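The file structure.txt comes next; it holds compact mmCIF, N, CA and C atoms and all ligand atoms.
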```txt
# COMPACT_ATOMS: atom_id res chain seq x y z
N MET A 1 77.27 105.14 119.93
CA MET A 1 78.58 105.55 120.45
C MET A 1 79.07 106.79 119.71
N PRO A 2 79.51 107.81 120.42
CA PRO A 2 79.95 109.02 119.72
C PRO A 2 81.37 108.94 119.16
N VAL A 3 82.20 108.07 119.74
CA VAL A 3 83.60 108.00 119.28
C VAL A 3 84.06 106.55 119.19
N LEU A 4 85.13 106.35 118.43
CA LEU A 4 85.82 105.06 118.42
C LEU A 4 87.18 105.28 119.08
N ASN A 5 87.66 104.29 119.77
CA ASN A 5 88.96 104.42 120.45
C ASN A 5 89.94 103.40 119.89
N ARG A 6 91.15 103.84 119.72
CA ARG A 6 92.22 102.94 119.28
C ARG A 6 93.50 103.31 120.03
N GLU A 7 94.38 102.31 120.17
CA GLU A 7 95.71 102.59 120.71
C GLU A 7 96.70 102.35 119.58
N CYS A 8 97.57 103.31 119.35
CA CYS A 8 98.53 103.22 118.25
C CYS A 8 99.57 102.13 118.56
N THR A 9 99.74 101.19 117.64
CA THR A 9 100.67 100.07 117.91
C THR A 9 102.06 100.30 117.32
N LYS A 10 102.17 101.28 116.40
CA LYS A 10 103.52 101.64 115.92
C LYS A 10 103.51 103.09 115.45
N ARG A 11 104.70 103.70 115.45
CA ARG A 11 104.82 105.10 115.07
C ARG A 11 104.29 105.29 113.66
N TYR A 12 103.48 106.35 113.46
CA TYR A 12 102.86 106.54 112.15
C TYR A 12 102.73 108.03 111.86
N GLU A 13 103.19 108.41 110.68
CA GLU A 13 103.03 109.81 110.27
C GLU A 13 101.85 109.87 109.30
N ILE A 14 100.86 110.70 109.63
CA ILE A 14 99.68 110.78 108.76
C ILE A 14 100.09 111.46 107.45
N PRO A 15 99.92 110.74 106.32
CA PRO A 15 100.39 111.27 105.04
C PRO A 15 99.82 112.67 104.75
N GLY A 16 100.67 113.52 104.21
CA GLY A 16 100.24 114.86 103.83
C GLY A 16 100.13 115.83 104.99
N THR A 17 100.53 115.39 106.19
CA THR A 17 100.48 116.27 107.37
C THR A 17 101.80 116.13 108.13
N ASN A 18 101.96 116.97 109.16
CA ASN A 18 103.13 116.75 110.01
C ASN A 18 102.71 116.15 111.35
N VAL A 19 101.56 115.46 111.32
CA VAL A 19 101.03 114.83 112.54
C VAL A 19 101.66 113.44 112.69
N ILE A 20 102.27 113.21 113.84
CA ILE A 20 102.89 111.91 114.10
C ILE A 20 102.19 111.26 115.29
N LEU A 21 101.76 110.02 115.06
CA LEU A 21 101.17 109.25 116.15
C LEU A 21 102.26 108.35 116.70
N GLU A 22 102.56 108.51 117.98
CA GLU A 22 103.60 107.67 118.58
C GLU A 22 102.99 106.37 119.08
N LYS A 23 103.82 105.34 119.12
CA LYS A 23 103.38 104.05 119.64
C LYS A 23 102.82 104.23 121.07
N GLY A 24 101.68 103.63 121.33
CA GLY A 24 101.09 103.72 122.67
C GLY A 24 100.11 104.88 122.83
N MET A 25 100.10 105.77 121.84
CA MET A 25 99.22 106.95 121.93
C MET A 25 97.75 106.51 121.80
N GLN A 26 96.88 107.14 122.59
CA GLN A 26 95.45 106.86 122.49
C GLN A 26 94.85 107.75 121.40
N VAL A 27 94.09 107.14 120.51
CA VAL A 27 93.49 107.90 119.41
C VAL A 27 91.97 107.84 119.55
N VAL A 28 91.35 109.00 119.49
CA VAL A 28 89.89 109.06 119.57
C VAL A 28 89.36 109.50 118.20
N ILE A 29 88.55 108.67 117.61
CA ILE A 29 87.99 108.97 116.27
C ILE A 29 86.58 109.51 116.46
N PRO A 30 86.36 110.79 116.10
CA PRO A 30 85.07 111.42 116.39
C PRO A 30 83.97 111.00 115.41
N MET A 31 83.54 109.76 115.58
CA MET A 31 82.57 109.18 114.67
C MET A 31 81.30 110.04 114.53
N MET A 32 80.77 110.48 115.67
CA MET A 32 79.51 111.25 115.62
C MET A 32 79.74 112.60 114.95
N GLY A 33 80.91 113.18 115.21
CA GLY A 33 81.25 114.45 114.55
C GLY A 33 81.22 114.29 113.04
N MET A 34 81.74 113.17 112.56
CA MET A 34 81.76 112.94 111.11
C MET A 34 80.35 112.72 110.59
N HIS A 35 79.54 111.99 111.37
CA HIS A 35 78.17 111.70 110.93
C HIS A 35 77.32 112.97 110.83
N TYR A 36 77.70 113.98 111.64
CA TYR A 36 76.93 115.24 111.61
C TYR A 36 77.64 116.35 110.85
N ASP A 37 78.69 115.98 110.12
CA ASP A 37 79.44 117.00 109.39
C ASP A 37 78.74 117.27 108.04
N PRO A 38 78.23 118.52 107.85
CA PRO A 38 77.50 118.82 106.60
C PRO A 38 78.36 118.67 105.36
N GLN A 39 79.69 118.66 105.54
CA GLN A 39 80.57 118.44 104.39
C GLN A 39 80.30 117.05 103.77
N TYR A 40 79.98 116.11 104.61
CA TYR A 40 79.71 114.74 104.13
C TYR A 40 78.21 114.43 104.07
N PHE A 41 77.47 115.01 105.02
CA PHE A 41 76.03 114.73 105.11
C PHE A 41 75.29 116.06 105.19
N PRO A 42 74.96 116.66 104.03
CA PRO A 42 74.26 117.96 104.05
C PRO A 42 72.97 117.88 104.88
N GLU A 43 72.68 118.96 105.58
CA GLU A 43 71.51 119.02 106.47
C GLU A 43 71.48 117.78 107.38
N PRO A 44 72.49 117.63 108.21
CA PRO A 44 72.64 116.37 108.97
C PRO A 44 71.47 116.03 109.88
N GLU A 45 70.69 117.05 110.29
CA GLU A 45 69.57 116.77 111.21
C GLU A 45 68.35 116.23 110.46
N LYS A 46 68.37 116.35 109.14
CA LYS A 46 67.20 115.96 108.34
C LYS A 46 67.17 114.45 108.12
N PHE A 47 65.98 113.86 108.25
CA PHE A 47 65.82 112.43 107.95
C PHE A 47 65.79 112.28 106.44
N ASP A 48 66.81 111.64 105.90
CA ASP A 48 66.90 111.52 104.45
C ASP A 48 67.52 110.17 104.08
N PRO A 49 66.69 109.16 103.94
CA PRO A 49 67.22 107.81 103.63
C PRO A 49 68.05 107.77 102.34
N GLU A 50 67.83 108.76 101.46
CA GLU A 50 68.59 108.77 100.20
C GLU A 50 70.08 108.96 100.41
N ARG A 51 70.45 109.40 101.63
CA ARG A 51 71.89 109.52 101.93
C ARG A 51 72.58 108.18 101.79
N PHE A 52 71.81 107.11 101.92
CA PHE A 52 72.41 105.78 101.95
C PHE A 52 72.15 105.00 100.66
N SER A 53 71.74 105.73 99.62
CA SER A 53 71.60 105.07 98.32
C SER A 53 73.01 104.73 97.83
N GLU A 54 73.10 103.77 96.94
CA GLU A 54 74.41 103.36 96.41
C GLU A 54 75.11 104.56 95.76
N GLU A 55 74.32 105.40 95.08
CA GLU A 55 74.91 106.55 94.41
C GLU A 55 75.50 107.53 95.43
N ALA A 56 74.71 107.84 96.49
CA ALA A 56 75.20 108.78 97.50
C ALA A 56 76.42 108.22 98.21
N LYS A 57 76.39 106.93 98.51
CA LYS A 57 77.53 106.31 99.21
C LYS A 57 78.80 106.36 98.38
N SER A 58 78.61 106.20 97.04
CA SER A 58 79.80 106.17 96.18
C SER A 58 80.47 107.55 96.10
N LYS A 59 79.75 108.60 96.52
CA LYS A 59 80.30 109.96 96.41
C LYS A 59 81.08 110.39 97.65
N ARG A 60 81.04 109.61 98.72
CA ARG A 60 81.79 110.02 99.92
C ARG A 60 82.77 108.92 100.32
N HIS A 61 83.73 109.32 101.12
CA HIS A 61 84.75 108.37 101.56
C HIS A 61 84.11 107.32 102.47
N HIS A 62 84.51 106.08 102.26
CA HIS A 62 83.92 104.97 103.02
C HIS A 62 84.01 105.19 104.53
N TYR A 63 85.10 105.79 104.99
CA TYR A 63 85.33 105.88 106.43
C TYR A 63 84.69 107.09 107.11
N VAL A 64 83.82 107.84 106.42
CA VAL A 64 83.15 108.93 107.12
C VAL A 64 81.87 108.44 107.79
N TYR A 65 81.43 107.24 107.46
CA TYR A 65 80.23 106.69 108.11
C TYR A 65 80.62 105.38 108.79
N LEU A 66 80.75 105.43 110.12
CA LEU A 66 81.27 104.28 110.85
C LEU A 66 80.39 103.90 112.05
N PRO A 67 79.11 103.67 111.83
CA PRO A 67 78.25 103.39 112.99
C PRO A 67 78.65 102.13 113.74
N PHE A 68 79.30 101.20 113.04
CA PHE A 68 79.71 99.95 113.68
C PHE A 68 81.22 99.84 113.82
N GLY A 69 81.91 100.95 113.64
CA GLY A 69 83.36 100.91 113.69
C GLY A 69 83.91 100.35 112.39
N GLU A 70 85.17 99.96 112.41
CA GLU A 70 85.80 99.43 111.19
C GLU A 70 87.05 98.67 111.57
N GLY A 71 87.48 97.83 110.66
CA GLY A 71 88.73 97.09 110.89
C GLY A 71 88.51 95.86 111.74
N PRO A 72 89.61 95.32 112.31
CA PRO A 72 89.51 94.04 113.02
C PRO A 72 88.61 94.09 114.26
N ARG A 73 88.33 95.27 114.78
CA ARG A 73 87.47 95.36 115.97
C ARG A 73 86.08 95.85 115.62
N ILE A 74 85.70 95.74 114.37
CA ILE A 74 84.35 96.17 113.96
C ILE A 74 83.31 95.41 114.80
N CYS A 75 82.19 96.05 115.04
CA CYS A 75 81.11 95.44 115.82
C CYS A 75 80.74 94.07 115.25
N ILE A 76 80.72 93.06 116.11
CA ILE A 76 80.35 91.73 115.61
C ILE A 76 78.86 91.66 115.31
N GLY A 77 78.10 92.64 115.82
CA GLY A 77 76.65 92.64 115.58
C GLY A 77 76.28 93.49 114.39
N ASN A 78 77.24 93.86 113.56
CA ASN A 78 76.94 94.85 112.52
C ASN A 78 75.92 94.36 111.51
N LYS A 79 75.73 93.07 111.39
CA LYS A 79 74.69 92.56 110.48
C LYS A 79 73.35 92.42 111.21
N THR A 80 73.40 92.32 112.54
CA THR A 80 72.19 92.03 113.32
C THR A 80 71.12 93.12 113.18
N PRO A 81 71.47 94.40 113.33
CA PRO A 81 70.42 95.42 113.20
C PRO A 81 69.75 95.38 111.84
N ASN A 82 70.52 95.10 110.78
CA ASN A 82 69.91 94.98 109.45
C ASN A 82 68.90 93.84 109.44
N TYR A 83 69.28 92.77 110.11
CA TYR A 83 68.42 91.60 110.17
C TYR A 83 67.09 91.95 110.83
N TYR A 84 67.15 92.67 111.98
CA TYR A 84 65.92 93.06 112.67
C TYR A 84 65.11 94.04 111.83
N THR A 85 65.82 95.00 111.23
CA THR A 85 65.11 96.00 110.43
C THR A 85 64.38 95.32 109.28
N ASN A 86 65.07 94.40 108.59
CA ASN A 86 64.44 93.72 107.46
C ASN A 86 63.25 92.90 107.91
N ASN A 87 63.40 92.20 109.04
CA ASN A 87 62.30 91.39 109.53
C ASN A 87 61.10 92.26 109.90
N CYS A 88 61.36 93.37 110.57
CA CYS A 88 60.26 94.25 110.98
C CYS A 88 59.58 94.84 109.75
N ALA A 89 60.38 95.21 108.75
CA ALA A 89 59.80 95.75 107.52
C ALA A 89 58.93 94.68 106.86
N TYR A 90 59.42 93.45 106.90
CA TYR A 90 58.68 92.34 106.29
C TYR A 90 57.34 92.15 107.00
N ILE A 91 57.36 92.20 108.34
CA ILE A 91 56.13 92.02 109.12
C ILE A 91 55.15 93.15 108.82
N GLN A 92 55.66 94.37 108.72
CA GLN A 92 54.78 95.50 108.39
C GLN A 92 54.14 95.27 107.02
N PHE A 93 54.94 94.76 106.10
CA PHE A 93 54.43 94.47 104.76
C PHE A 93 53.30 93.44 104.83
N ILE A 94 53.54 92.38 105.61
CA ILE A 94 52.52 91.33 105.76
C ILE A 94 51.24 91.93 106.35
N LYS A 95 51.42 92.76 107.39
CA LYS A 95 50.26 93.34 108.08
C LYS A 95 49.41 94.19 107.14
N PHE A 96 50.06 94.92 106.28
CA PHE A 96 49.32 95.86 105.44
C PHE A 96 48.84 95.24 104.14
N THR A 97 49.35 94.05 103.81
CA THR A 97 48.91 93.44 102.56
C THR A 97 47.87 92.34 102.77
N HIS A 98 47.85 91.73 103.96
CA HIS A 98 46.89 90.65 104.22
C HIS A 98 45.78 91.21 105.12
N GLN A 99 44.64 91.45 104.50
CA GLN A 99 43.60 92.13 105.26
C GLN A 99 43.01 91.27 106.37
N ASN A 100 43.12 89.94 106.23
CA ASN A 100 42.53 89.09 107.26
C ASN A 100 43.45 88.91 108.47
N ILE A 101 44.64 89.50 108.43
CA ILE A 101 45.53 89.41 109.59
C ILE A 101 45.50 90.77 110.29
N LYS A 102 44.81 90.80 111.40
CA LYS A 102 44.65 92.09 112.09
C LYS A 102 45.82 92.38 113.02
N ASN A 103 46.34 91.33 113.66
CA ASN A 103 47.39 91.56 114.65
C ASN A 103 48.58 90.63 114.41
N ALA A 104 49.43 91.00 113.51
CA ALA A 104 50.64 90.21 113.30
C ALA A 104 51.77 90.86 114.09
N THR A 105 52.59 90.05 114.68
CA THR A 105 53.73 90.58 115.40
C THR A 105 54.89 89.61 115.25
N THR A 106 56.08 90.03 115.59
CA THR A 106 57.24 89.17 115.42
C THR A 106 57.70 88.65 116.76
N CYS A 107 58.13 87.40 116.76
CA CYS A 107 58.64 86.81 117.99
C CYS A 107 60.07 86.37 117.73
N PHE A 108 61.03 86.92 118.44
CA PHE A 108 62.43 86.56 118.24
C PHE A 108 62.89 85.61 119.34
N GLY A 109 63.45 84.50 118.93
CA GLY A 109 64.05 83.57 119.87
C GLY A 109 65.49 83.35 119.47
N PRO A 110 66.25 82.55 120.24
CA PRO A 110 67.67 82.36 119.94
C PRO A 110 67.93 81.79 118.55
N LYS A 111 66.99 81.01 118.03
CA LYS A 111 67.22 80.40 116.73
C LYS A 111 66.28 80.95 115.66
N THR A 112 65.72 82.10 115.93
CA THR A 112 64.73 82.66 115.00
C THR A 112 65.35 82.99 113.66
N ILE A 113 64.74 82.53 112.60
CA ILE A 113 65.07 83.05 111.27
C ILE A 113 64.00 84.09 110.99
N ILE A 114 62.77 83.67 110.96
CA ILE A 114 61.66 84.63 111.03
C ILE A 114 60.45 83.86 111.52
N SER A 115 59.77 84.43 112.46
CA SER A 115 58.55 83.77 112.90
C SER A 115 57.52 84.85 113.19
N GLU A 116 56.30 84.56 112.84
CA GLU A 116 55.25 85.55 113.02
C GLU A 116 54.15 84.97 113.88
N LEU A 117 53.61 85.77 114.73
CA LEU A 117 52.47 85.33 115.53
C LEU A 117 51.24 85.97 114.91
N TYR A 118 50.37 85.15 114.39
CA TYR A 118 49.14 85.67 113.81
C TYR A 118 48.00 85.48 114.81
N ILE A 119 47.33 86.52 115.09
CA ILE A 119 46.15 86.42 115.94
C ILE A 119 44.96 86.56 115.00
N PRO A 120 44.30 85.42 114.69
CA PRO A 120 43.24 85.48 113.68
C PRO A 120 42.09 86.38 114.10
N CYS A 121 41.46 87.02 113.13
CA CYS A 121 40.35 87.90 113.48
C CYS A 121 39.04 87.13 113.45
C1 LIG A 201 72.49 99.32 116.31
C2 LIG A 201 73.18 98.43 116.98
C3 LIG A 201 74.66 98.49 117.24
C4 LIG A 201 75.56 99.51 117.06
C5 LIG A 201 75.31 100.93 116.53
C6 LIG A 201 76.86 99.01 117.48
C7 LIG A 201 78.04 99.76 117.44
C8 LIG A 201 79.27 99.28 117.80
C9 LIG A 201 80.50 100.02 117.69
C10 LIG A 201 80.66 101.45 117.16
C11 LIG A 201 81.51 99.23 118.14
C12 LIG A 201 83.01 99.59 118.21
C13 LIG A 201 83.68 99.09 116.92
C14 LIG A 201 85.08 99.60 116.71
O1 LIG A 201 85.75 100.00 117.69
O2 LIG A 201 85.57 99.63 115.55
C15 LIG A 201 80.91 97.97 118.55
C16 LIG A 201 81.60 96.89 119.06
C17 LIG A 201 81.04 95.72 119.43
N1 LIG A 201 79.72 95.35 119.29
FE1 LIG A 201 78.23 96.51 118.56
N2 LIG A 201 76.73 97.72 117.88
C18 LIG A 201 75.41 97.35 117.74
C19 LIG A 201 74.86 96.11 118.00
C20 LIG A 201 75.56 95.03 118.49
C21 LIG A 201 74.99 93.70 118.70
C22 LIG A 201 73.54 93.31 118.37
C23 LIG A 201 75.98 92.94 119.20
C24 LIG A 201 75.97 91.49 119.61
C25 LIG A 201 75.25 90.57 118.97
C26 LIG A 201 77.18 93.76 119.31
C27 LIG A 201 78.39 93.34 119.79
C28 LIG A 201 79.55 94.08 119.77
C29 LIG A 201 80.85 93.59 120.25
C30 LIG A 201 81.14 92.22 120.89
C31 LIG A 201 81.78 94.61 120.03
C32 LIG A 201 83.28 94.59 120.36
C33 LIG A 201 84.03 94.07 119.12
C34 LIG A 201 85.55 94.03 119.36
O3 LIG A 201 86.07 94.85 120.14
O4 LIG A 201 86.23 93.19 118.74
N3 LIG A 201 76.88 95.02 118.88
N4 LIG A 201 79.56 98.03 118.33
```

In C-alpha cells, how does this file's structure come out?
Ligand code: HEM
Amino acid sequence: MPVLNRECTKRYEIPGTNVILEKGMQVVIPMMGMHYDPQYFPEPEKFDPERFSEEAKSKRHHYVYLPFGEGPRICIGNKTPNYYTNNCAYIQFIKFTHQNIKNATTCFGPKTIISELYIPC
C-alpha cells in the first residue's frame, strides 16, 4: 500500500507548524514516500538488509517505516509475514544442511505451526 488513510476525529494543530487539521478532514499519510526518502533510507532503491538492524532502526524515527500501518488500525496480519519468512528461512536451512533431503518443501494449513514435506531420495 502506498499510503495510509485516516479521518481526523478532533481539531488538531500540528506542533511547531501552523497546520491545523479540522475534525472530519481526510488525512493521507504518504507511507511509500517516506520509505523511499533518502533522508531516512539512503540509496532507497538498494537492497540493504542492514537498514533494519537494531542499530539502524534506533537512529530513525519509529514512524518513518510503516509497512503495516500504526495505531489502533494497524494491520492484524503484521506478525504473519514474519512467521512465513521465518518458516521459509528455516526450510531453506534444513534443505541446505541435510544432504539426504533433496526436496523439502513447506505445507501451510489453517493450524500449521511448521510442517515439512520430505520427499526421500
Ligand atoms: C506483507 C503483508 C501485509 C502488508 C504489507 C499489510 C499491510 C497493511 C496495511 C498498511 C494496513 C493498513 C494499516 C493502517 O491503516 O494503519 C493493513 C490493514 C489490515 N491488514 Fe494487512 N498487510 C499484510 C498482510 C496481512 C495479512 C496476512 C492479514 C490477515 C491475516 C492482513 C489483514 C489486515 C486487516 C484485517 C487490516 C485492517 C485492520 C483495521 O483496519 O483495523 N494483512 N495491512

Pairwise distance for atom C29 of ligand LIG 201 (chain A) and CA of Thr85 in chain A, rounded to one decimal in Å =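 One can read the atom C29 of ligand LIG 201 (chain A) to CA of Thr85 in chain A distance as 18.7 Å.
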
Per residue of chain A within 7 Å of ligand LIG 201 (chain A), note the shortest atom pair and the distance in Å to one decimal, counting only C-alpha atoms and all ligand atoms, and order the rows by chain and increasing residue number, as CSV.
```
residue,atom,partner,partner_atom,distance
A:Met1,CA,A:LIG201,C10,5.7
A:Leu4,CA,A:LIG201,O1,5.1
A:Asn5,CA,A:LIG201,O1,6.1
A:Leu66,CA,A:LIG201,C10,6.9
A:Pro67,CA,A:LIG201,C10,5.2
A:Phe68,CA,A:LIG201,C10,3.9
A:Gly69,CA,A:LIG201,O2,3.2
A:Glu70,CA,A:LIG201,O2,4.4
A:Gly71,CA,A:LIG201,O2,6.2
A:Pro72,CA,A:LIG201,O4,6.6
A:Arg73,CA,A:LIG201,O4,3.7
A:Ile74,CA,A:LIG201,O2,4.0
A:Cys75,CA,A:LIG201,C16,3.6
A:Ile76,CA,A:LIG201,C28,4.8
A:Gly77,CA,A:LIG201,C21,3.7
A:Asn78,CA,A:LIG201,C18,6.0
A:Thr80,CA,A:LIG201,C22,5.4
A:Pro81,CA,A:LIG201,C1,5.4
```

Straight-line distance linking atom C of His62 in chain A with CA of Asp37 in chain A, stated in Å to one decimal |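 Separation of atom C of His62 in chain A and CA of Asp37 in chain A: 13.6 Å.
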
For range 39-46 of chain A: contacts at 8 Å, only N, CA and C atoms, fewer than 6 positions along chain excluded, given as a list in words |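 Answer for this query is Lys59, Arg60, His61 and Val64 of chain A.
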
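If you look at atom C of Tyr84 in chain A and atom C of Gly33 in chain A, they are 25.9 Å away from each other.
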
What lies within 8 Å of range 20-29 of chain A using only N, CA and C atoms, ignoring chain neighbours under 3 positions off, as a list of chain:residue names?
->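 Close residues of range 20-29 of chain A: A:Pro2, A:Val3, A:Leu4, A:Asn5, A:Arg6, A:Glu7, A:Cys8, A:Thr9, A:Lys10, A:Arg11, A:Tyr12, A:Glu13, A:Ile14, A:Thr17, A:Met32, A:Gly33, A:Met34.
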
Prev. selection, N, CA and C atoms, output as a compact mmCIF listing (two decimals), in the frame of the given file:
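Everything below was put into again-v1.txt:
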```txt
# COMPACT_ATOMS: atom_id res chain seq x y z
N PRO A 2 79.51 107.81 120.42
CA PRO A 2 79.95 109.02 119.72
C PRO A 2 81.37 108.94 119.16
N VAL A 3 82.20 108.07 119.74
CA VAL A 3 83.60 108.00 119.28
C VAL A 3 84.06 106.55 119.19
N LEU A 4 85.13 106.35 118.43
CA LEU A 4 85.82 105.06 118.42
C LEU A 4 87.18 105.28 119.08
N ASN A 5 87.66 104.29 119.77
CA ASN A 5 88.96 104.42 120.45
C ASN A 5 89.94 103.40 119.89
N ARG A 6 91.15 103.84 119.72
CA ARG A 6 92.22 102.94 119.28
C ARG A 6 93.50 103.31 120.03
N GLU A 7 94.38 102.31 120.17
CA GLU A 7 95.71 102.59 120.71
C GLU A 7 96.70 102.35 119.58
N CYS A 8 97.57 103.31 119.35
CA CYS A 8 98.53 103.22 118.25
C CYS A 8 99.57 102.13 118.56
N THR A 9 99.74 101.19 117.64
CA THR A 9 100.67 100.07 117.91
C THR A 9 102.06 100.30 117.32
N LYS A 10 102.17 101.28 116.40
CA LYS A 10 103.52 101.64 115.92
C LYS A 10 103.51 103.09 115.45
N ARG A 11 104.70 103.70 115.45
CA ARG A 11 104.82 105.10 115.07
C ARG A 11 104.29 105.29 113.66
N TYR A 12 103.48 106.35 113.46
CA TYR A 12 102.86 106.54 112.15
C TYR A 12 102.73 108.03 111.86
N GLU A 13 103.19 108.41 110.68
CA GLU A 13 103.03 109.81 110.27
C GLU A 13 101.85 109.87 109.30
N ILE A 14 100.86 110.70 109.63
CA ILE A 14 99.68 110.78 108.76
C ILE A 14 100.09 111.46 107.45
N THR A 17 100.53 115.39 106.19
CA THR A 17 100.48 116.27 107.37
C THR A 17 101.80 116.13 108.13
N MET A 32 80.77 110.48 115.67
CA MET A 32 79.51 111.25 115.62
C MET A 32 79.74 112.60 114.95
N GLY A 33 80.91 113.18 115.21
CA GLY A 33 81.25 114.45 114.55
C GLY A 33 81.22 114.29 113.04
N MET A 34 81.74 113.17 112.56
CA MET A 34 81.76 112.94 111.11
C MET A 34 80.35 112.72 110.59
```

Pick from A:Ser53, A:Tyr65, A:Ala89, A:Lys79, whichever lies nearest to Met31 in chain A using all atoms listed in the file = A:Tyr65

Since the input lacks some atoms of range 68-81 of chain A, please model N, CA, C and O atoms and print them as a PDB file, keeping the file's coordinate frame.
```pdb
ATOM      1  N   PHE A  68      79.300 101.200 113.040  1.00  0.00           N
ATOM      2  CA  PHE A  68      79.710  99.950 113.680  1.00  0.00           C
ATOM      3  C   PHE A  68      81.220  99.840 113.820  1.00  0.00           C
ATOM      4  O   PHE A  68      81.748  98.760 114.078  1.00  0.00           O
ATOM      5  N   GLY A  69      81.910 100.950 113.640  1.00  0.00           N
ATOM      6  CA  GLY A  69      83.360 100.910 113.690  1.00  0.00           C
ATOM      7  C   GLY A  69      83.910 100.350 112.390  1.00  0.00           C
ATOM      8  O   GLY A  69      83.193 100.248 111.373  1.00  0.00           O
ATOM      9  N   GLU A  70      85.170  99.960 112.410  1.00  0.00           N
ATOM     10  CA  GLU A  70      85.800  99.430 111.190  1.00  0.00           C
ATOM     11  C   GLU A  70      87.050  98.670 111.570  1.00  0.00           C
ATOM     12  O   GLU A  70      87.562  98.838 112.686  1.00  0.00           O
ATOM     13  N   GLY A  71      87.480  97.830 110.660  1.00  0.00           N
ATOM     14  CA  GLY A  71      88.730  97.090 110.890  1.00  0.00           C
ATOM     15  C   GLY A  71      88.510  95.860 111.740  1.00  0.00           C
ATOM     16  O   GLY A  71      87.377  95.384 111.899  1.00  0.00           O
ATOM     17  N   PRO A  72      89.610  95.320 112.310  1.00  0.00           N
ATOM     18  CA  PRO A  72      89.510  94.040 113.020  1.00  0.00           C
ATOM     19  C   PRO A  72      88.610  94.090 114.260  1.00  0.00           C
ATOM     20  O   PRO A  72      88.170  93.043 114.725  1.00  0.00           O
ATOM     21  N   ARG A  73      88.330  95.270 114.780  1.00  0.00           N
ATOM     22  CA  ARG A  73      87.470  95.360 115.970  1.00  0.00           C
ATOM     23  C   ARG A  73      86.080  95.850 115.620  1.00  0.00           C
ATOM     24  O   ARG A  73      85.334  96.313 116.504  1.00  0.00           O
ATOM     25  N   ILE A  74      85.700  95.740 114.370  1.00  0.00           N
ATOM     26  CA  ILE A  74      84.350  96.170 113.960  1.00  0.00           C
ATOM     27  C   ILE A  74      83.310  95.410 114.800  1.00  0.00           C
ATOM     28  O   ILE A  74      83.552  94.268 115.213  1.00  0.00           O
ATOM     29  N   CYS A  75      82.190  96.050 115.040  1.00  0.00           N
ATOM     30  CA  CYS A  75      81.110  95.440 115.820  1.00  0.00           C
ATOM     31  C   CYS A  75      80.740  94.070 115.250  1.00  0.00           C
ATOM     32  O   CYS A  75      80.451  93.956 114.056  1.00  0.00           O
ATOM     33  N   ILE A  76      80.720  93.060 116.110  1.00  0.00           N
ATOM     34  CA  ILE A  76      80.350  91.730 115.610  1.00  0.00           C
ATOM     35  C   ILE A  76      78.860  91.660 115.310  1.00  0.00           C
ATOM     36  O   ILE A  76      78.389  90.739 114.670  1.00  0.00           O
ATOM     37  N   GLY A  77      78.100  92.640 115.820  1.00  0.00           N
ATOM     38  CA  GLY A  77      76.650  92.640 115.580  1.00  0.00           C
ATOM     39  C   GLY A  77      76.280  93.490 114.390  1.00  0.00           C
ATOM     40  O   GLY A  77      75.111  93.822 114.229  1.00  0.00           O
ATOM     41  N   ASN A  78      77.240  93.860 113.560  1.00  0.00           N
ATOM     42  CA  ASN A  78      76.940  94.850 112.520  1.00  0.00           C
ATOM     43  C   ASN A  78      75.920  94.360 111.510  1.00  0.00           C
ATOM     44  O   ASN A  78      75.269  95.155 110.854  1.00  0.00           O
ATOM     45  N   LYS A  79      75.730  93.070 111.390  1.00  0.00           N
ATOM     46  CA  LYS A  79      74.690  92.560 110.480  1.00  0.00           C
ATOM     47  C   LYS A  79      73.350  92.420 111.210  1.00  0.00           C
ATOM     48  O   LYS A  79      72.300  92.372 110.585  1.00  0.00           O
ATOM     49  N   THR A  80      73.400  92.320 112.540  1.00  0.00           N
ATOM     50  CA  THR A  80      72.190  92.030 113.320  1.00  0.00           C
ATOM     51  C   THR A  80      71.120  93.120 113.180  1.00  0.00           C
ATOM     52  O   THR A  80      69.963  92.801 112.927  1.00  0.00           O
ATOM     53  N   PRO A  81      71.470  94.400 113.330  1.00  0.00           N
ATOM     54  CA  PRO A  81      70.420  95.420 113.200  1.00  0.00           C
ATOM     55  C   PRO A  81      69.750  95.380 111.840  1.00  0.00           C
ATOM     56  O   PRO A  81      68.538  95.558 111.726  1.00  0.00           O
TER      57      PRO A  81
END
```
